[in-house]
Amino acid sequence: MIWQRKRLTLALAVVGALSLVLAGCSGSNQPAGTASGGAGATGAAAGSASVWFLSGQPKEGMFTKSYDAWNAANPNRQIAYEVYANDAYKEKIRTAIGAGEAPTLVWSWGAFGVVDEYVAAKQIISLDGKVDQALSRVLPSVADAGKLDGVQVAVPNGDAQPVMLFYNKDLFKQAGVEAPIKTWDDLLAAIPKFKAIGVAPFSLAGGSKWPDLMWLEYLADRIGGPGTFNDVVAGKANAWSSPAMLDALTHIQDLVKADGFQSGFTSTAADSHADVALVYSGKAAMILQGSWVYGTFKADTPDFVSGGKLGSFPFPAVSGGTGDPSDIAGNPSNFFSIAASANAEEQQIALDWLNQSNLDGTMVDTLIAGGGVPPVANALDKLKASDDASFLVDAYNLLLNAKHFQASWDQVLSSTAAQELLTNLDMIFQGQITPQEFADNMNKTLS
Amino acid sequence: MSVSYASVGTVGTTAPGAARRRTGPSAWLAAPAMAFFGLFALVPLVGVVYFSFVNWNGMGPMTWTGLTNWRAVLGDDRTVHAMWLSLVVILVSWLVQAPLSLLLGVFMAGRQRYRAVMAVLYFLPMLFSSAAIGIGFKAMVDPSFGLTSHLGFAWLQQDWLGQKLALWTVLFVVAWTFVPFHSLLYQAGVRQIPAVLYEAAMIDGASGWDQFWRITLPQLKYTIITSSTLMLVGALTYFDLFYVMTQGGPGVATRILPLDMYLTGFRSFEMGKASVIAVILVVVGLTLSITLNKFSGAQRMESQMEGV
């Protein structure tokens with residue numbers, strides 16, 4: 001008898017486990033359902049907007065805090081949130097929007113590329129006149145990156161992310177290299193010095209592919225100015241085979257041939273922060289990355305940062321190039337749009353949150369404390385008072401003084417062209433194709 | 001030497017014709033399963049064939065483009081490269097995994113000391129999720145921080161997921177993951193071989209080697225076919241380990257056909273072209289399994305036990 005009862009318990013346990021699994025499957029399709037931490041996710045359908053945002057500090061904590069506070073203050077108008085990793089989010093959001101299951105607030109990188117496709121498919125709404133209060137807190141140049149054909153379709157929601165060179169001050173001292181490196185020739189001259197002390201000059205997460213792009217974005221701009229890439233965006237015939245673009249690609253291959261990057265860089269991944277770890281563990285001297293890695297350094301190795309061992313400077317000039325050395329590449333910010341598939345009540349909750357809480361004092365403080373550069377006006381005093389003043393003030397000034405802020409190419413181009421770009425650039429870094437072959441492949445994507 | 005067991009007797013065998021009569025339960029019992037199959041396999045399949053003729057980016061309107069997608073995909077070097085890679089993956093997977101799992105299965109079916117303990121160890125990879133396995137191995141072979149670069153063996157300090165080695169590294173991990181499952185199949189197969197056969201063979205003076213080649217292997221015929229079909233068709237559709245470990249890179253070095261389909265569909269958002277690749281996968285997969293069944297005689301599934 002006891003044995004039989006045991007068997008029954010076991011069977012029940014199995015059925016229970018199965019139903020849990022099934023429930024898990026169905027729940028994950030509903031943005032408002034099983035939020036990973038929304039205080040009031042149980043608040044049923046009545047008045048509940050939803051949002052997905054990306055993991056990674058300081059922004060993850062910034063949003064979590066803001067939504068938790070909102071949910072505590074608005075028991076009947078909840079915002080359920082879910083957190084995703086970068087690549088997973090990009091794949092999921094597109095499918096969700098296509099299926100009419102999008103969260104109310106749609107996270108993006110600016111009003112181009114994929115957002116352009118959302119607008120064409122009438123999947124997000126115009127925010128003209130609806131978010132003036134939210135925009136009043138933001139730098140106008142950054143707010144403009146949320147405009148498409150003069151219509152505001154997205155609102156900046158986080159830190160400005162200029163790409164810069166971060167370096168390990170100890171290694172620079174050991175190798176006898178002066179920072180900042182101001183020209184490309186100086187940069188090439190520094191390579192043997194770093195190799196002499198047994199470290200890689202540059203760390204690069206080639207396995208993730210998108211970090212490769214930062215090198216091309218900067219070199220193309222320094223050599224040929226913003227027009228080099230603007231021609232691509234405009235769809236001009238053979239824009240990828242312009243002399244400046246080919247020259248930039250050649251510079252990249254020169255750097256690879258000179259052993260500029262750590263050995264095995266094509267299988268180093270950015271998601272695991274291995275690229276950043278190479279710099280603070282003294283295996284690589286520099287890394288070209290977005291300003292968000294400052295937060296990564298802070299979170300992963302607080303002593304390295306507080307000990308003043310991390311430095312940064314802008315990308316060097318290339319002699320003979322026509323680009324302005326003040327130009328920066330990166331992400332002007334991240335953005336929120338509002339999904340057309342959300343009902344009026346959900347949209348209103350999302351709008352109210354944008355106007356009342358997006359990039360308010362609390363969010364900006366959290367951002368600064370985590371080493372993020374807020375794209376808001378008059379932040380200088382706050383930045384000067386922070387623990388990370390030396391980095392933040394530099395980065396903020398870089399942002400204010402930039403003649404041109406080039407948004408990440410893979411975000412600006414259509415998804416199809418962006419994937420071709422990442423694959424072909426990966427092959428450039430590995431020396432599998434020549435700049436001319438790259439240009440020929442990419443010219444086919446121009447429309 | 002001759003191991004003849006067919007002559008032992010014919011007691012208990014049924015006449016082949018008798019089994020042909022329909023004596024089973026009503027065909028209606030299959031209805032729920034057929035409904036599920038139709039809804040979740042056939043309907044999407046028809047959908048994919050339809051999608052292969054349209055241009056669709058995952059949102060917004062679809063436009064009918066006829067054979068454009070098919071021409072583009074079949075004329076694309078990358079697809080051809082992906083097909084070639086998939087072929088390599090299928091062949092190498094089978095060549096590595098089939099003998100290994102056969103030998104392990106035969107070993108585990110035996111009665112040696114500590115066999116059970118070792119069998120448990122062999123099965124461990126089966127218990128892990130493949131995403132976890134992928135992430136684990138990726139961390140282990142990381143060129144800067146991985147175990148392989150810190151053990152102090154020069155031959156281990158390779159860029160295992162770099163251009164030259166990535167495919168072979170992933171294939172090794174795939175084999176590591178799937179060999180236990182196939183060993184389990186073989187173990188079950190070996191355990192079902194009647195001991196009488198071995199006893200008779202021993203009386204006839206057959207060595208262990210002879211017993212393996214003349215009893216174990218022939219008796220495992222259908223297990224080999226089942227396991228090989230699973231391996232070959234499985235290798236055609238490998239996805240998760242490749243996706244987690246290399247994402248098809250470096251460059252396109254590990255961009256096998258299923259991954260090519262996924263990246264085309266969910267990174268480039270060219271649903272039409274992705275559907276073309278999906279249709280190709282379905283056709284090749286079906287052809288492969290049907291051919292295997294047909295030419296191996298597994299369809300007839302005649303008894304190997306006649307006379308035992």
# chains A, B, ... in the order shown; residues from 1 in each chain; ligands from 1
>>> residues_around(residues="stretch 419-427 of chain A", least_positions_apart="3", cutoff="10 Å", atoms="only C-alpha atoms", output="ChimeraX atom specification")
/A:206-213,216,249,252,266,409-410,413-416,430-435,437-439,441-442,444-445 /B:163,248-253,263-264,267-269
>>> closest_atom_pairs(of="chain B", to="chain A", cutoff="6 Å", atoms="only C-alpha atoms", output="JSON lines")
{"residue": "B:Gly58", "atom": "CA", "partner": "A:Gly98", "partner_atom": "CA", "distance": 5.6}
{"residue": "B:Met59", "atom": "CA", "partner": "A:Gly98", "partner_atom": "CA", "distance": 4.4}
{"residue": "B:Gly60", "atom": "CA", "partner": "A:Ala121", "partner_atom": "CA", "distance": 4.5}
{"residue": "B:Pro143", "atom": "CA", "partner": "A:Gly264", "partner_atom": "CA", "distance": 5.7}
{"residue": "B:Asp159", "atom": "CA", "partner": "A:Gly264", "partner_atom": "CA", "distance": 5.3}
{"residue": "B:Leu161", "atom": "CA", "partner": "A:Ser267", "partner_atom": "CA", "distance": 5.7}
{"residue": "B:Gly162", "atom": "CA", "partner": "A:Ser267", "partner_atom": "CA", "distance": 5.8}
{"residue": "B:Gly251", "atom": "CA", "partner": "A:Met427", "partner_atom": "CA", "distance": 5.1}
{"residue": "B:Phe266", "atom": "CA", "partner": "A:Glu91", "partner_atom": "CA", "distance": 5.8}
{"residue": "B:Ser268", "atom": "CA", "partner": "A:Thr416", "partner_atom": "CA", "distance": 4.1}
>>> write_last_selection(atoms="N, CA and C atoms", output="PDB file, in the first residue's frame")
ATOM      1  N   GLY B  58       8.684  40.328 -41.550  1.00  0.00           N
ATOM      2  CA  GLY B  58       8.248  39.996 -40.195  1.00  0.00           C
ATOM      3  C   GLY B  58       7.164  40.917 -39.681  1.00  0.00           C
ATOM      4  N   MET B  59       7.064  42.071 -40.307  1.00  0.00           N
ATOM      5  CA  MET B  59       5.987  43.004 -39.963  1.00  0.00           C
ATOM      6  C   MET B  59       5.411  43.507 -41.273  1.00  0.00           C
ATOM      7  N   GLY B  60       4.289  44.147 -41.186  1.00  0.00           N
ATOM      8  CA  GLY B  60       3.762  44.813 -42.368  1.00  0.00           C
ATOM      9  C   GLY B  60       3.325  43.847 -43.443  1.00  0.00           C
ATOM     10  N   PRO B 143      40.106  31.887 -25.362  1.00  0.00           N
ATOM     11  CA  PRO B 143      41.545  32.021 -25.630  1.00  0.00           C
ATOM     12  C   PRO B 143      42.288  32.839 -24.577  1.00  0.00           C
ATOM     13  N   ASP B 159      43.283  28.579 -30.424  1.00  0.00           N
ATOM     14  CA  ASP B 159      42.060  29.363 -30.514  1.00  0.00           C
ATOM     15  C   ASP B 159      40.965  28.403 -30.980  1.00  0.00           C
ATOM     16  N   LEU B 161      37.827  28.207 -30.896  1.00  0.00           N
ATOM     17  CA  LEU B 161      36.636  28.647 -31.629  1.00  0.00           C
ATOM     18  C   LEU B 161      37.009  29.655 -32.711  1.00  0.00           C
ATOM     19  N   GLY B 162      38.279  29.625 -33.134  1.00  0.00           N
ATOM     20  CA  GLY B 162      38.725  30.504 -34.213  1.00  0.00           C
ATOM     21  C   GLY B 162      38.433  29.897 -35.574  1.00  0.00           C
ATOM     22  N   GLY B 251      33.358  34.637 -39.092  1.00  0.00           N
ATOM     23  CA  GLY B 251      32.920  34.796 -40.482  1.00  0.00           C
ATOM     24  C   GLY B 251      31.715  33.908 -40.721  1.00  0.00           C
ATOM     25  N   PHE B 266      15.700  35.608 -38.466  1.00  0.00           N
ATOM     26  CA  PHE B 266      15.496  36.381 -37.244  1.00  0.00           C
ATOM     27  C   PHE B 266      16.603  37.380 -36.939  1.00  0.00           C
ATOM     28  N   SER B 268      18.348  38.967 -40.060  1.00  0.00           N
ATOM     29  CA  SER B 268      18.171  39.811 -41.242  1.00  0.00           C
ATOM     30  C   SER B 268      16.700  40.068 -41.521  1.00  0.00           C
TER      31      SER B 268
END
>>> residues_around(residues="stretch 297-310 of chain A", least_positions_apart="4", cutoff="12 Å", atoms="only C-alpha atoms", output="ChimeraX atom specification")
/A:56-58,165-173,179,272-282,285-287,289-293,368-372,387-391
>>> residues_around(residues="A:Asn358", least_positions_apart="4", cutoff="7 Å", atoms="only C-alpha atoms", output="MDAnalysis selection string")
chainID A and resid 134 157 353:354
>>> atom_distance(atom1="atom CA of A:Val115", atom2="atom CA of A:Val142")
15.9 Å
>>> atom_distance(atom1="atom CA of A:Pro374", atom2="atom CA of A:Arg77")
27.4 Å
>>> residues_around(residues="stretch 234-246 of chain B", least_positions_apart="5", cutoff="9 Å", atoms="only C-alpha atoms", output="JSON, numbers by chain")
{"A": [207, 267], "B": [86, 87, 89, 90, 91, 93, 94, 130, 131, 132, 133, 134, 135, 137, 138, 161, 166, 167, 170, 171, 173, 174, 229, 253, 254, 255, 256, 257, 258, 259, 262, 281, 284, 285]}
>>> select_by_dssp(residues="stretch 166-243 of chain B", states="alpha helix (DSSP H)", output="PyMOL selection string")
chain B and resi 166-191+195-203+208-211+217-219+221-236+240-243
>>> write_last_selection(atoms="C-alpha atoms", output="tab-separated table (two decimals), in the first residue's frame")
chain	number	residue	atom	x	y	z
B	166	ALA	CA	35.67	26.20	-34.61
B	167	LEU	CA	33.79	23.61	-36.67
B	168	TRP	CA	35.71	20.68	-35.21
B	169	THR	CA	35.43	22.00	-31.66
B	170	VAL	CA	31.67	22.31	-31.93
B	171	LEU	CA	31.43	18.86	-33.54
B	172	PHE	CA	33.38	17.45	-30.62
B	173	VAL	CA	30.96	19.02	-28.15
B	174	VAL	CA	28.00	17.78	-30.20
B	175	ALA	CA	29.41	14.25	-30.07
B	176	TRP	CA	30.07	14.57	-26.35
B	177	THR	CA	26.42	15.53	-25.87
B	178	PHE	CA	24.76	12.96	-28.08
B	179	VAL	CA	26.91	9.83	-27.74
B	180	PRO	CA	25.33	8.96	-24.35
B	181	PHE	CA	21.85	8.91	-25.85
B	182	HIS	CA	22.84	6.61	-28.66
B	183	SER	CA	24.82	4.42	-26.27
B	184	LEU	CA	21.60	4.00	-24.32
B	185	LEU	CA	19.85	2.80	-27.47
B	186	TYR	CA	22.61	0.28	-28.14
B	187	GLN	CA	22.69	-0.87	-24.57
B	188	ALA	CA	18.97	-1.64	-24.73
B	189	GLY	CA	19.48	-3.34	-28.08
B	190	VAL	CA	22.26	-5.57	-26.80
B	191	ARG	CA	20.32	-6.53	-23.68
B	195	ALA	CA	21.60	-15.29	-24.24
B	196	VAL	CA	20.88	-18.56	-26.04
B	197	LEU	CA	22.68	-17.25	-29.09
B	198	TYR	CA	25.87	-16.55	-27.18
B	199	GLU	CA	25.66	-19.87	-25.35
B	200	ALA	CA	25.30	-21.71	-28.63
B	201	ALA	CA	28.21	-19.75	-30.07
B	202	MET	CA	30.39	-20.57	-27.12
B	203	ILE	CA	29.62	-24.26	-27.49
B	208	GLY	CA	34.47	-12.86	-28.09
B	209	TRP	CA	35.50	-11.14	-31.30
B	210	ASP	CA	33.48	-13.58	-33.41
B	211	GLN	CA	30.50	-13.23	-31.11
B	217	LEU	CA	26.27	-6.64	-34.73
B	218	PRO	CA	23.72	-8.48	-36.93
B	219	GLN	CA	21.24	-8.55	-34.08
B	221	LYS	CA	20.76	-4.13	-37.26
B	222	TYR	CA	17.57	-2.22	-36.51
B	223	THR	CA	19.10	-0.39	-33.58
B	224	ILE	CA	21.87	0.75	-35.89
B	225	ILE	CA	19.33	1.95	-38.43
B	226	THR	CA	17.25	3.77	-35.82
B	227	SER	CA	20.25	5.36	-34.20
B	228	SER	CA	21.81	6.31	-37.54
B	229	THR	CA	18.58	7.87	-38.77
B	230	LEU	CA	18.36	9.94	-35.61
B	231	MET	CA	22.02	10.92	-35.96
B	232	LEU	CA	21.88	11.87	-39.62
B	233	VAL	CA	18.60	13.76	-39.51
B	234	GLY	CA	19.58	15.23	-36.15
B	235	ALA	CA	22.88	16.44	-37.59
B	236	LEU	CA	20.99	18.06	-40.44
B	240	ASP	CA	21.51	25.09	-30.40
B	241	LEU	CA	25.16	24.26	-29.73
B	242	PHE	CA	26.28	26.06	-32.87
B	243	TYR	CA	24.14	29.06	-32.01
>>> atom_distance(atom1="atom CA of A:Ser203", atom2="atom CA of B:Phe145")
13.0 Å
>>> select_by_dssp(residues="stretch 147-355 of chain A", states="strand (DSSP E)", output="MDAnalysis selection string")
chainID A and resid 147:148 151:152 155:156 161:168 200:203 284:290 310:313 328:331 335:338
>>> residues_around(residues="A:Ala111", least_positions_apart="3", cutoff="9 Å", atoms="only C-alpha atoms", output="count of residues only")
14
>>> residues_around(residues="A:Gly158", least_positions_apart="2", cutoff="8 Å", atoms="only C-alpha atoms", output="list in words")
Lys59, Pro156, Ala160, Ser333, Asn334, Phe335, Leu359, Leu367, Pro374 and Pro375 of chain A
>>> write_last_selection(atoms="N, CA and C atoms", output="mmCIF file, in the first residue's frame")
data_model
loop_
_atom_site.group_PDB
_atom_site.id
_atom_site.type_symbol
_atom_site.label_atom_id
_atom_site.label_comp_id
_atom_site.auth_asym_id
_atom_site.auth_seq_id
_atom_site.Cartn_x
_atom_site.Cartn_y
_atom_site.Cartn_z
ATOM 1 N N LYS A 59 21.900 50.871 -16.136
ATOM 2 C CA LYS A 59 20.543 51.184 -16.588
ATOM 3 C C LYS A 59 19.488 50.209 -16.080
ATOM 4 N N PRO A 156 14.483 59.742 -25.932
ATOM 5 C CA PRO A 156 15.697 59.208 -25.288
ATOM 6 C C PRO A 156 15.393 58.774 -23.856
ATOM 7 N N ALA A 160 23.893 58.717 -22.913
ATOM 8 C CA ALA A 160 24.522 58.875 -24.218
ATOM 9 C C ALA A 160 25.738 57.963 -24.221
ATOM 10 N N SER A 333 21.721 57.702 -27.568
ATOM 11 C CA SER A 333 21.047 57.264 -26.346
ATOM 12 C C SER A 333 20.299 55.989 -26.702
ATOM 13 N N ASN A 334 19.542 55.451 -25.764
ATOM 14 C CA ASN A 334 18.515 54.478 -26.133
ATOM 15 C C ASN A 334 17.193 55.209 -26.097
ATOM 16 N N PHE A 335 16.183 54.610 -26.676
ATOM 17 C CA PHE A 335 14.929 55.324 -26.867
ATOM 18 C C PHE A 335 13.733 54.448 -26.541
ATOM 19 N N LEU A 359 14.029 59.929 -17.264
ATOM 20 C CA LEU A 359 15.204 60.782 -17.075
ATOM 21 C C LEU A 359 14.936 61.936 -16.108
ATOM 22 N N LEU A 367 21.962 56.956 -12.828
ATOM 23 C CA LEU A 367 22.796 56.799 -14.022
ATOM 24 C C LEU A 367 24.222 57.280 -13.745
ATOM 25 N N PRO A 374 24.546 61.134 -18.691
ATOM 26 C CA PRO A 374 23.139 61.453 -18.974
ATOM 27 C C PRO A 374 23.023 62.450 -20.124
ATOM 28 N N PRO A 375 22.114 62.230 -21.083
ATOM 29 C CA PRO A 375 21.976 63.160 -22.207
ATOM 30 C C PRO A 375 21.052 64.309 -21.846
#
